[in-house]
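Asks: Sharing work-v6.pdb here; it has PDB, C-alpha atoms.
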ATOM      1  CA  MET S   1     109.896 133.318  52.755
ATOM      2  CA  THR S   2     110.456 136.097  55.276
ATOM      3  CA  GLU S   3     113.949 135.893  56.714
ATOM      4  CA  GLU S   4     114.254 136.571  60.416
ATOM      5  CA  TRP S   5     117.728 136.061  61.865
ATOM      6  CA  GLN S   6     118.373 135.744  65.591
ATOM      7  CA  GLY S   7     121.004 134.307  67.895
ATOM      8  CA  TRP S   8     120.257 130.730  68.908
ATOM      9  CA  ARG S   9     119.598 131.630  72.532
ATOM     10  CA  GLU S  10     116.930 134.209  71.713
ATOM     11  CA  ALA S  11     115.340 132.043  69.041
ATOM     12  CA  ALA S  12     115.231 128.927  71.245
ATOM     13  CA  GLU S  13     113.796 130.854  74.197
ATOM     14  CA  THR S  14     110.776 131.882  72.116
ATOM     15  CA  ALA S  15     110.442 128.525  70.365
ATOM     16  CA  LEU S  16     110.483 126.526  73.596
ATOM     17  CA  TYR S  17     108.872 128.796  76.171
ATOM     18  CA  GLY S  18     107.071 131.631  74.367
ATOM     19  CA  ASP S  19     103.354 131.747  73.662
ATOM     20  CA  GLY S  20     102.587 128.566  71.742
ATOM     21  CA  GLY S  21     106.100 127.272  72.433
ATOM     22  CA  PHE S  22     107.040 123.606  72.435
ATOM     23  CA  TYR S  23     106.998 123.220  76.224
ATOM     24  CA  ARG S  24     103.555 124.775  76.505
ATOM     25  CA  SER S  25     101.910 122.124  74.309
ATOM     26  CA  PRO S  26      99.277 119.863  75.958
ATOM     27  CA  ASP S  27     101.148 116.587  75.363
ATOM     28  CA  GLY S  28     104.304 117.830  77.062
ATOM     29  CA  PRO S  29     107.778 116.310  76.713
ATOM     30  CA  ALA S  30     106.492 112.741  77.096
ATOM     31  CA  GLY S  31     104.759 113.103  73.744
ATOM     32  CA  HIS S  32     108.091 113.503  71.978
ATOM     33  CA  PHE S  33     110.871 111.715  73.858
ATOM     34  CA  ARG S  34     111.401 109.141  76.578
ATOM     35  CA  THR S  35     113.340 110.123  79.671
ATOM     36  CA  SER S  36     114.490 107.933  82.557
ATOM     37  CA  VAL S  37     111.273 108.894  84.361
ATOM     38  CA  HIS S  38     109.192 107.389  81.571
ATOM     39  CA  ALA S  39     111.456 104.363  81.084
ATOM     40  CA  SER S  40     110.812 102.747  84.457
ATOM     41  CA  PRO S  41     109.209 103.372  87.860
ATOM     42  CA  LEU S  42     112.557 102.262  89.288
ATOM     43  CA  PHE S  43     113.873 105.745  88.577
ATOM     44  CA  ALA S  44     111.222 107.435  90.733
ATOM     45  CA  ARG S  45     111.815 104.850  93.465
ATOM     46  CA  ALA S  46     115.531 105.639  93.404
ATOM     47  CA  VAL S  47     114.779 109.364  93.711
ATOM     48  CA  ALA S  48     112.424 108.566  96.603
ATOM     49  CA  GLY S  49     115.291 106.749  98.293
ATOM     50  CA  LEU S  50     117.573 109.724  97.728
ATOM     51  CA  LEU S  51     114.896 112.020  99.168
ATOM     52  CA  ALA S  52     114.573 109.862 102.288
ATOM     53  CA  ARG S  53     118.357 109.755 102.702
ATOM     54  CA  THR S  54     118.521 113.543 102.394
ATOM     55  CA  ALA S  55     115.815 113.954 105.063
ATOM     56  CA  GLN S  56     117.690 111.640 107.414
ATOM     57  CA  GLU S  57     120.951 113.543 106.906
ATOM     58  CA  LEU S  58     119.157 116.805 107.630
ATOM     59  CA  GLY S  59     117.449 115.260 110.673
ATOM     60  CA  ILE S  60     113.948 116.206 109.492
ATOM     61  CA  GLY S  61     110.703 114.289 108.998
ATOM     62  CA  THR S  62     109.132 116.818 106.643
ATOM     63  CA  VAL S  63     111.167 117.353 103.490
ATOM     64  CA  ALA S  64     110.778 119.398 100.313
ATOM     65  CA  LEU S  65     111.030 117.782  96.885
ATOM     66  CA  VAL S  66     111.531 120.350  94.124
ATOM     67  CA  ASP S  67     111.256 118.933  90.597
ATOM     68  CA  VAL S  68     112.722 121.495  88.186
ATOM     69  CA  GLY S  69     111.459 120.996  84.663
ATOM     70  CA  ALA S  70     108.610 118.882  85.996
ATOM     71  CA  GLY S  71     106.955 118.101  82.665
ATOM     72  CA  ARG S  72     103.489 116.936  83.561
ATOM     73  CA  GLY S  73     104.387 115.827  87.086
ATOM     74  CA  GLU S  74     105.401 112.270  86.243
ATOM     75  CA  LEU S  75     108.450 112.132  88.522
ATOM     76  CA  LEU S  76     106.673 113.814  91.432
ATOM     77  CA  THR S  77     103.767 111.387  91.123
ATOM     78  CA  GLY S  78     106.122 108.412  91.135
ATOM     79  CA  VAL S  79     108.169 109.653  94.097
ATOM     80  CA  LEU S  80     105.070 110.386  96.181
ATOM     81  CA  ALA S  81     103.873 106.834  95.551
ATOM     82  CA  ALA S  82     107.253 105.357  96.510
ATOM     83  CA  ALA S  83     108.175 107.531  99.497
ATOM     84  CA  PRO S  84     108.303 105.742 102.880
ATOM     85  CA  GLU S  85     105.312 106.227 105.169
ATOM     86  CA  TRP S  86     107.372 107.948 107.877
ATOM     87  CA  LEU S  87     108.373 110.742 105.517
ATOM     88  CA  GLU S  88     106.161 113.777 104.939
ATOM     89  CA  VAL S  89     106.938 115.175 101.498
ATOM     90  CA  VAL S  90     106.179 118.744 100.421
ATOM     91  CA  PRO S  91     106.362 118.511  96.602
ATOM     92  CA  TYR S  92     106.917 121.360  94.152
ATOM     93  CA  GLY S  93     106.644 121.129  90.381
ATOM     94  CA  VAL S  94     108.642 123.879  88.641
ATOM     95  CA  GLU S  95     107.464 124.272  85.066
ATOM     96  CA  VAL S  96     106.483 126.970  82.548
ATOM     97  CA  ALA S  97     103.418 125.042  81.378
ATOM     98  CA  ALA S  98     100.099 125.251  83.197
ATOM     99  CA  ARG S  99      99.313 122.800  85.984
ATOM    100  CA  PRO S 100      98.210 119.484  84.460
ATOM    101  CA  PRO S 101      94.674 118.312  85.246
ATOM    102  CA  GLY S 102      94.286 115.534  87.807
ATOM    103  CA  LEU S 103      97.613 116.176  89.510
ATOM    104  CA  ASP S 104      97.972 115.198  93.170
ATOM    105  CA  PRO S 105      96.651 118.200  95.150
ATOM    106  CA  ARG S 106      99.690 118.073  97.441
ATOM    107  CA  ILE S 107     101.905 119.230  94.572
ATOM    108  CA  VAL S 108     102.566 122.969  94.490
ATOM    109  CA  TRP S 109     102.892 124.076  90.843
ATOM    110  CA  CYS S 110     105.148 127.086  90.302
ATOM    111  CA  ALA S 111     107.264 128.878  87.705
ATOM    112  CA  GLU S 112     110.402 129.206  89.873
ATOM    113  CA  PRO S 113     111.978 127.032  92.597
ATOM    114  CA  PRO S 114     110.708 127.989  96.064
ATOM    115  CA  ARG S 115     113.313 129.706  98.198
ATOM    116  CA  GLY S 116     114.524 128.676 101.634
ATOM    117  CA  VAL S 117     113.382 125.046 101.534
ATOM    118  CA  ARG S 118     115.171 122.051 103.046
ATOM    119  CA  GLY S 119     115.318 118.876 101.032
ATOM    120  CA  LEU S 120     116.022 117.620  97.514
ATOM    121  CA  LEU S 121     116.014 119.700  94.349
ATOM    122  CA  PHE S 122     116.031 117.404  91.310
ATOM    123  CA  ALA S 123     116.447 118.603  87.711
ATOM    124  CA  ASN S 124     116.133 115.735  85.249
ATOM    125  CA  GLU S 125     116.885 116.837  81.672
ATOM    126  CA  TRP S 126     116.261 120.492  82.495
ATOM    127  CA  LEU S 127     119.609 122.186  81.890
ATOM    128  CA  ASP S 128     119.840 120.878  78.314
ATOM    129  CA  ASN S 129     116.725 122.932  77.561
ATOM    130  CA  VAL S 130     118.078 126.159  79.047
ATOM    131  CA  PRO S 131     118.686 128.064  75.775
ATOM    132  CA  VAL S 132     122.270 128.993  74.904
ATOM    133  CA  ASP S 133     124.028 130.805  72.102
ATOM    134  CA  VAL S 134     126.137 128.877  69.616
ATOM    135  CA  ALA S 135     129.613 129.951  68.529
ATOM    136  CA  GLU S 136     131.595 128.915  65.442
ATOM    137  CA  VAL S 137     135.142 129.732  64.376
ATOM    138  CA  ASP S 138     135.359 131.554  61.048
ATOM    139  CA  GLY S 139     138.067 131.196  58.406
ATOM    140  CA  GLU S 140     140.295 133.698  60.200
ATOM    141  CA  GLY S 141     140.133 131.900  63.540
ATOM    142  CA  VAL S 142     137.605 134.248  65.157
ATOM    143  CA  ALA S 143     134.777 132.759  67.242
ATOM    144  CA  ARG S 144     131.496 134.273  66.065
ATOM    145  CA  TYR S 145     127.902 133.904  67.201
ATOM    146  CA  VAL S 146     125.839 131.651  64.967
ATOM    147  CA  GLN S 147     122.574 133.240  63.853
ATOM    148  CA  VAL S 148     119.573 131.150  62.839
ATOM    149  CA  ARG S 149     116.728 131.830  60.427
ATOM    150  CA  ILE S 150     113.461 131.181  62.282
ATOM    151  CA  PRO S 151     111.304 129.539  59.589
ATOM    152  CA  ASP S 152     113.720 126.860  58.370
ATOM    153  CA  GLY S 153     116.742 126.675  60.702
ATOM    154  CA  GLY S 154     119.212 128.068  58.183
ATOM    155  CA  GLU S 155     122.364 129.512  59.755
ATOM    156  CA  ARG S 156     124.925 132.234  59.179
ATOM    157  CA  LEU S 157     127.830 133.660  61.157
ATOM    158  CA  GLY S 158     127.164 136.853  63.098
ATOM    159  CA  PRO S 159     129.367 139.179  65.158
ATOM    160  CA  PRO S 160     132.419 138.029  67.167
ATOM    161  CA  VAL S 161     131.841 136.540  70.607
ATOM    162  CA  THR S 162     132.856 139.051  73.277
ATOM    163  CA  GLY S 163     132.579 139.821  76.986
ATOM    164  CA  ALA S 164     131.450 137.172  79.474
ATOM    165  CA  ASP S 165     130.609 134.725  76.676
ATOM    166  CA  ALA S 166     134.156 134.940  75.309
ATOM    167  CA  ALA S 167     135.586 134.446  78.794
ATOM    168  CA  TRP S 168     133.385 131.378  79.256
ATOM    169  CA  LEU S 169     134.600 129.880  75.973
ATOM    170  CA  GLU S 170     138.224 130.508  76.856
ATOM    171  CA  ARG S 171     137.852 128.771  80.213
ATOM    172  CA  TRP S 172     135.458 125.959  79.409
ATOM    173  CA  TRP S 173     135.333 125.322  75.662
ATOM    174  CA  PRO S 174     138.301 126.893  73.826
ATOM    175  CA  LEU S 175     137.915 127.061  70.044
ATOM    176  CA  SER S 176     140.654 127.596  67.457
ATOM    177  CA  VAL S 177     140.120 125.570  64.265
ATOM    178  CA  PRO S 178     137.815 127.048  61.566
ATOM    179  CA  GLY S 179     134.462 125.276  61.610
ATOM    180  CA  GLU S 180     134.663 124.246  65.275
ATOM    181  CA  ARG S 181     131.478 124.988  67.209
ATOM    182  CA  ALA S 182     130.463 125.269  70.840
ATOM    183  CA  GLU S 183     127.339 125.916  72.856
ATOM    184  CA  ILE S 184     128.098 128.788  75.264
ATOM    185  CA  GLY S 185     126.930 127.346  78.589
ATOM    186  CA  LEU S 186     127.008 130.510  80.715
ATOM    187  CA  PRO S 187     123.176 130.791  80.974
ATOM    188  CA  ARG S 188     123.088 127.215  82.291
ATOM    189  CA  ASP S 189     125.777 127.960  84.865
ATOM    190  CA  LEU S 190     123.738 130.911  86.113
ATOM    191  CA  ALA S 191     120.487 128.931  86.075
ATOM    192  CA  TRP S 192     122.058 126.119  88.093
ATOM    193  CA  ALA S 193     123.580 128.536  90.596
ATOM    194  CA  ARG S 194     120.134 130.110  91.123
ATOM    195  CA  ALA S 195     118.536 126.702  91.577
ATOM    196  CA  VAL S 196     121.096 125.559  94.146
ATOM    197  CA  GLY S 197     120.810 128.939  95.853
ATOM    198  CA  SER S 198     117.111 128.369  96.446
ATOM    199  CA  LEU S 199     117.911 125.609  98.965
ATOM    200  CA  GLU S 200     118.473 126.468 102.604
ATOM    201  CA  ALA S 201     119.956 123.015 103.068
ATOM    202  CA  GLY S 202     119.885 119.685 101.312
ATOM    203  CA  LEU S 203     120.918 118.249  97.980
ATOM    204  CA  ALA S 204     120.546 119.589  94.430
ATOM    205  CA  VAL S 205     120.891 117.121  91.551
ATOM    206  CA  ALA S 206     121.108 117.824  87.823
ATOM    207  CA  VAL S 207     120.830 114.855  85.449
ATOM    208  CA  ASP S 208     121.606 115.339  81.765
ATOM    209  CA  TYR S 209     123.589 114.223  78.762
ATOM    210  CA  ALA S 210     126.866 115.975  79.449
ATOM    211  CA  HIS S 211     130.509 116.491  78.571
ATOM    212  CA  VAL S 212     133.553 117.899  80.366
ATOM    213  CA  ARG S 213     136.498 120.089  79.374
ATOM    214  CA  GLY S 214     139.030 118.099  77.424
ATOM    215  CA  ALA S 215     136.313 115.944  75.866
ATOM    216  CA  ARG S 216     133.984 118.483  74.266
ATOM    217  CA  PRO S 217     132.428 117.525  70.924
ATOM    218  CA  PRO S 218     134.213 119.552  68.220
ATOM    219  CA  PHE S 219     131.020 120.578  66.434
ATOM    220  CA  GLY S 220     128.647 120.906  69.380
ATOM    221  CA  THR S 221     125.521 118.860  70.038
ATOM    222  CA  LEU S 222     122.586 121.124  69.162
ATOM    223  CA  THR S 223     119.711 119.086  67.749
ATOM    224  CA  GLY S 224     115.948 118.777  67.644
ATOM    225  CA  PHE S 225     113.453 116.088  68.647
ATOM    226  CA  ARG S 226     109.885 115.566  67.533
ATOM    227  CA  GLY S 227     107.662 112.519  68.008
ATOM    228  CA  GLY S 228     110.519 110.386  69.316
ATOM    229  CA  ARG S 229     112.825 111.134  66.372
ATOM    230  CA  GLU S 230     115.860 113.346  66.006
ATOM    231  CA  VAL S 231     115.144 116.175  63.560
ATOM    232  CA  LEU S 232     116.794 119.307  62.218
ATOM    233  CA  PRO S 233     116.790 121.958  64.960
ATOM    234  CA  VAL S 234     114.361 124.607  63.708
ATOM    235  CA  PRO S 235     113.273 127.257  66.246
ATOM    236  CA  ASP S 236     109.645 127.449  65.125
ATOM    237  CA  GLY S 237     108.046 125.799  68.196
ATOM    238  CA  SER S 238     107.434 122.476  66.439
ATOM    239  CA  CYS S 239     110.251 120.503  68.089
ATOM    240  CA  ASP S 240     112.397 120.268  71.176
ATOM    241  CA  LEU S 241     115.729 122.075  70.954
ATOM    242  CA  THR S 242     118.452 120.545  73.072
ATOM    243  CA  ALA S 243     122.219 120.455  73.524
ATOM    244  CA  HIS S 244     124.398 118.503  75.937
ATOM    245  CA  VAL S 245     125.477 120.241  79.132
ATOM    246  CA  ALA S 246     128.931 121.286  80.324
ATOM    247  CA  LEU S 247     128.201 120.007  83.829
ATOM    248  CA  ASP S 248     131.729 120.746  85.045
ATOM    249  CA  ALA S 249     131.159 124.434  84.322
ATOM    250  CA  CYS S 250     127.811 124.306  86.128
ATOM    251  CA  ALA S 251     129.496 122.750  89.140
ATOM    252  CA  ALA S 252     132.098 125.501  89.291
ATOM    253  CA  ALA S 253     129.439 128.225  89.065
ATOM    254  CA  VAL S 254     128.162 127.503  92.596
ATOM    255  CA  ASP S 255     130.151 129.046  95.429
ATOM    256  CA  ARG S 256     128.562 127.172  98.323
ATOM    257  CA  GLY S 257     128.491 123.541  99.382
ATOM    258  CA  ALA S 258     130.341 120.666  97.727
ATOM    259  CA  ALA S 259     129.839 119.260  94.224
ATOM    260  CA  GLU S 260     130.276 115.772  92.797
ATOM    261  CA  LEU S 261     130.179 114.673  89.162
ATOM    262  CA  THR S 262     129.355 111.066  88.373
ATOM    263  CA  GLY S 263     127.421 108.972  85.858
ATOM    264  CA  GLN S 264     123.885 107.640  86.029
ATOM    265  CA  ARG S 265     125.076 104.055  86.138
ATOM    266  CA  ALA S 266     127.129 104.715  89.280
ATOM    267  CA  ALA S 267     124.567 107.039  90.862
ATOM    268  CA  LEU S 268     121.668 104.617  90.478
ATOM    269  CA  GLY S 269     123.878 101.742  91.594
ATOM    270  CA  ARG S 270     124.400 103.528  94.913
ATOM    271  CA  LEU S 271     120.621 103.786  95.191
ATOM    272  CA  GLY S 272     120.084 100.061  94.680
ATOM    273  CA  VAL S 273     119.231 100.016  90.962
ATOM    274  CA  SER S 274     121.057  97.143  89.325
ATOM    275  CA  GLY S 275     120.561  95.335  86.036
ATOM    276  CA  GLU S 276     121.744  92.005  87.441
ATOM    277  CA  ARG S 277     119.444  89.123  86.549
ATOM    278  CA  PRO S 278     117.905  87.185  89.450
ATOM    279  CA  PRO S 279     119.379  83.750  90.153
ATOM    280  CA  LEU S 280     117.849  80.907  88.137
ATOM    281  CA  SER S 281     117.257  79.027  91.371
ATOM    282  CA  LEU S 282     114.512  81.556  92.174
ATOM    283  CA  ALA S 283     112.590  80.399  89.107
ATOM    284  CA  ALA S 284     112.294  76.956  90.632
ATOM    285  CA  THR S 285     111.345  78.050  94.142
ATOM    286  CA  ASP S 286     109.163  81.098  93.333
ATOM    287  CA  PRO S 287     108.366  81.480  89.629
ATOM    288  CA  ALA S 288     106.222  84.598  90.107
ATOM    289  CA  ALA S 289     108.943  86.362  92.074
ATOM    290  CA  TYR S 290     111.468  85.386  89.414
ATOM    291  CA  VAL S 291     109.385  86.905  86.624
ATOM    292  CA  THR S 292     108.928  90.114  88.631
ATOM    293  CA  ALA S 293     112.635  90.338  89.432
ATOM    294  CA  LEU S 294     113.565  89.626  85.817
ATOM    295  CA  ALA S 295     111.323  92.436  84.575
ATOM    296  CA  ALA S 296     112.843  94.841  87.121
ATOM    297  CA  ALA S 297     116.346  93.817  86.046
ATOM    298  CA  GLY S 298     115.450  94.586  82.441
ATOM    299  CA  GLU S 299     114.193  98.041  83.373
ATOM    300  CA  ALA S 300     117.270  98.679  85.511
ATOM    301  CA  ALA S 301     119.498  97.586  82.635
ATOM    302  CA  GLU S 302     117.889 100.202  80.380
ATOM    303  CA  LEU S 303     118.370 102.932  82.995
ATOM    304  CA  THR S 304     122.056 102.079  83.398
ATOM    305  CA  ALA S 305     122.963 100.988  79.853
ATOM    306  CA  ARG S 306     126.184 102.279  78.345
ATOM    307  CA  GLY S 307     125.444 104.111  75.125
ATOM    308  CA  GLY S 308     121.991 104.997  76.453
ATOM    309  CA  LEU S 309     120.443 106.354  79.620
ATOM    310  CA  GLY S 310     123.382 105.113  81.684
ATOM    311  CA  ASP S 311     125.566 107.719  79.978
ATOM    312  CA  PHE S 312     123.739 110.611  81.618
ATOM    313  CA  GLY S 313     125.868 112.764  83.871
ATOM    314  CA  TRP S 314     124.788 113.463  87.448
ATOM    315  CA  LEU S 315     125.871 116.640  89.204
ATOM    316  CA  LEU S 316     125.187 116.410  92.942
ATOM    317  CA  HIS S 317     125.553 119.611  94.931
ATOM    318  CA  ARG S 318     125.341 119.394  98.709
ATOM    319  CA  VAL S 319     124.263 122.396 100.743
ATOM    320  CA  GLY S 320     124.580 122.092 104.520
ATOM    321  CA  ALA S 321     124.628 118.279 104.429
ATOM    322  CA  GLU S 322     126.847 115.578 103.004
ATOM    323  CA  LEU S 323     125.693 112.640 100.937
ATOM    324  CA  SER S 324     127.281 109.456 102.171
TER     325      SER S 324
END
Now, as a test, write the supplied structure out as structure tokens.
Replies:
Amino acid sequence: MTEEWQGWREAAETALYGDGGFYRSPDGPAGHFRTSVHASPLFARAVAGLLARTAQELGIGTVALVDVGAGRGELLTGVLAAAPEWLEVVPYGVEVAARPPGLDPRIVWCAEPPRGVRGLLFANEWLDNVPVDVAEVDGEGVARYVQVRIPDGGERLGPPVTGADAAWLERWWPLSVPGERAEIGLPRDLAWARAVGSLEAGLAVAVDYAHVRGARPPFGTLTGFRGGREVLPVPDGSCDLTAHVALDACAAAVDRGAAELTGQRAALGRLGVSGERPPLSLAATDPAAYVTALAAAGEAAELTARGGLGDFGWLLHRVGAELS
């Protein structure tokens, strides 16, 4: 076996986004894992409501919707179907993969967020796939980059972490005990700052599994997914490579507007998504409506469940408008 050692950031970048990379495959992310978008149309309806609210706060009738990490356009398709008739939506799908066939012709497919737009930028499970380096403390207490062997995912410790990466660790994920690991989130901070900076005015939202300083996992969260199952993270293009996001660091990386950190359960609750069962009295007066409401409650419960999708973090960043 030919050994090829790289830092995790470089290896993951090629494995996910290079020629033949995981995110360029025809089946897309939906072929391997289920996001909130795939779990229920209620999620797209909630985003449509947030889009309409953003347009009203900006005082505009034509609003941009920028879906960063758009997959195969599932969220955009759902929001366009759920948007109110009075609202004219200009949708953008930001994705490295080619435009999917049969996509609504209104959707502009692009590799980077458009600049100078007014509206809602929404990044659902995007930041966790922005590749990052991994650090581990050696036996002498020195944080070193973890290097990975491309063919099989084997690891070894490389050179000490220095410069901006070391400063990031000290501020956001301090390490001291031998064996402790961290994912160095600086590339995600910069990516989020660029995304928010593309808006002239509106709201930018990042949704991801997340953690905050003071509650970081001691051994990191890097893992792989293939065909709906968690697998060993091997940077060979055969699986997704993901790690939870330090959303508090991302929030601090943006020097304009106001940021809010909350959870998916609370965020969707504000947008009318609730897992409460309909009253039994409805079953007697309108059985069909009861069955429909019961199904919706089940879907909402999955989106807001503790220990599941409800544990996602939401980072809301307002630019030139405030979310009430």
Asks: Need the shell around stretch 192-194 of chain S: protein/DNA/RNA residues with any atom at most 7 Å away, counting only C-alpha atoms. Skip same-chain ones fewer than 2 positions apart. Format as a PDB file with C-alpha atoms, in the frame of the given file?
Replies:
ATOM      1  CA  ARG S 188     123.088 127.215  82.291  1.00  0.00           C
ATOM      2  CA  ASP S 189     125.777 127.960  84.865  1.00  0.00           C
ATOM      3  CA  LEU S 190     123.738 130.911  86.113  1.00  0.00           C
ATOM      4  CA  VAL S 196     121.096 125.559  94.146  1.00  0.00           C
ATOM      5  CA  GLY S 197     120.810 128.939  95.853  1.00  0.00           C
ATOM      6  CA  SER S 198     117.111 128.369  96.446  1.00  0.00           C
ATOM      7  CA  CYS S 250     127.811 124.306  86.128  1.00  0.00           C
ATOM      8  CA  ALA S 253     129.439 128.225  89.065  1.00  0.00           C
ATOM      9  CA  VAL S 254     128.162 127.503  92.596  1.00  0.00           C
TER      10      VAL S 254
END
Asks: Just the residues within 12 Å of S:Trp86, please, counting all atoms listed in the file, with nothing from its chain fewer than 3 positions along; format it as a PyMOL selection string.
Replies: chain S and resi 52+55-56+60-63+82-83+89
Asks: Env of stretch 170-175 of chain S: 7 Å cut, atoms = all atoms listed in the file, seq-sep filter 6 positions within chain, self excluded. Answer as a PyMOL selection string.
Replies: chain S and resi 137+182+213+249
Asks: For the selection you just gave me, I'd like the residues written to a file as a PDB file, in the frame of the given file, keeping C-alpha atoms.
Replies:
ATOM      1  CA  VAL S 137     135.142 129.732  64.376  1.00  0.00           C
ATOM      2  CA  ALA S 182     130.463 125.269  70.840  1.00  0.00           C
ATOM      3  CA  ARG S 213     136.498 120.089  79.374  1.00  0.00           C
ATOM      4  CA  ALA S 249     131.159 124.434  84.322  1.00  0.00           C
TER       5      ALA S 249
END
Asks: Using only C-alpha atoms, can you list as a ChimeraX atom specification the residues within 9 Å of (128.0, 133.8, 68.4)?
Replies: /S:7-8,133-136,143-147,157-162,165,184
Asks: The PyMOL selection byres ((chain S and resi 103) around 12) on the file shown: which residues, as a PyMOL selection string?
Replies: chain S and resi 70-78+80+91-93+98-102+104-109
Asks: Find the distance between atom CA of S:Ala204 and atom CA of S:Arg265 and write it in Å to one decimal.
Replies: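 Going from atom CA of S:Ala204 over to atom CA of S:Arg265, I get 18.2 Å.
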Asks: Please indicate the distance in Å from atom CA of S:Val66 to atom CA of S:Leu50, rounded to one decimal place.
Replies: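 Computing it gives 12.7 Å between the two atoms.
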Asks: Once the PyMOL selection byres ((chain S and resi 267) around 10) is applied to the coordinates I shared, what remains selected? I want it as JSON, numbers by chain.
Replies: {"S": [46, 261, 262, 263, 264, 265, 266, 268, 269, 270, 271, 272, 273, 304, 310, 312, 313, 314, 315, 316]}
Asks: When distances are computed from only C-alpha atoms, which of S:Pro235, S:Gly119, S:Pro131, S:Pro217 shows the smallest separation from S:Arg318?
Replies: S:Gly119
Asks: Could you list, as a list of chain:residue names, every residue within 7 Å of S:Leu241, counting all atoms listed in the file and ignoring same-chain residues fewer than 3 positions away?
Replies: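 Counting all atoms listed in the file, the residues come to S:Ala12, S:Asn129, S:Thr223, S:Gly224, S:Phe225, S:Pro233.
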Asks: Which residues match the PyMOL selection byres ((chain S and resi 18-24) around 7) in the file above, as a list in words?
Replies: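 On this input, the PyMOL selection byres ((chain S and resi 18-24) around 7) captures Glu13, Thr14, Ala15, Leu16, Tyr17, Ser25, Pro26, Gly28, Pro29, Ala97, Gly237, Ser238, Cys239 and Asp240 of chain S.
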Asks: Those residues you just picked out, can you put them in a file as a PDB file, keeping the file's coordinate frame with C-alpha atoms?
Replies:
ATOM      1  CA  GLU S  13     113.796 130.854  74.197  1.00  0.00           C
ATOM      2  CA  THR S  14     110.776 131.882  72.116  1.00  0.00           C
ATOM      3  CA  ALA S  15     110.442 128.525  70.365  1.00  0.00           C
ATOM      4  CA  LEU S  16     110.483 126.526  73.596  1.00  0.00           C
ATOM      5  CA  TYR S  17     108.872 128.796  76.171  1.00  0.00           C
ATOM      6  CA  SER S  25     101.910 122.124  74.309  1.00  0.00           C
ATOM      7  CA  PRO S  26      99.277 119.863  75.958  1.00  0.00           C
ATOM      8  CA  GLY S  28     104.304 117.830  77.062  1.00  0.00           C
ATOM      9  CA  PRO S  29     107.778 116.310  76.713  1.00  0.00           C
ATOM     10  CA  ALA S  97     103.418 125.042  81.378  1.00  0.00           C
ATOM     11  CA  GLY S 237     108.046 125.799  68.196  1.00  0.00           C
ATOM     12  CA  SER S 238     107.434 122.476  66.439  1.00  0.00           C
ATOM     13  CA  CYS S 239     110.251 120.503  68.089  1.00  0.00           C
ATOM     14  CA  ASP S 240     112.397 120.268  71.176  1.00  0.00           C
TER      15      ASP S 240
END
Asks: Report, in Å to a single decimal, how far apart atom CA of S:Gly49 and atom CA of S:Ala246 are.
Replies: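 These atoms are spaced 26.8 Å apart.
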Asks: Centre and edge lengths, as JSON, for the axis-aligned box enclosing every listed atom of stretch 125-144 of chain S with 3 Å of padding on each of the six sides, in Å to one decimal?
Replies:
{"center_x": 128.3, "center_y": 125.6, "center_z": 70.5, "size_x": 30.0, "size_y": 23.4, "size_z": 30.1}
Asks: Which residue out of S:Ser274, S:Gln6, S:Asn124, S:Thr221 has the minimum interatomic distance to S:Ala243 when all atoms listed in the file are used?
Replies: S:Thr221
Asks: Kindly indicate which residue among S:Cys110, S:Ala81, S:Val245, S:Val212 lies nearest to S:Glu95, using only C-alpha atoms for the distances.
Replies: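 Going through S:Cys110, S:Ala81, S:Val245, S:Val212 one by one, the smallest distance to S:Glu95 is for S:Cys110.
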Asks: For S:Trp168, which of S:Val94, S:Ala252, S:Val68, S:Ala11 is the closest residue, counting all atoms listed in the file?
Replies: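 For S:Trp168, the nearest of the candidates is S:Ala252.
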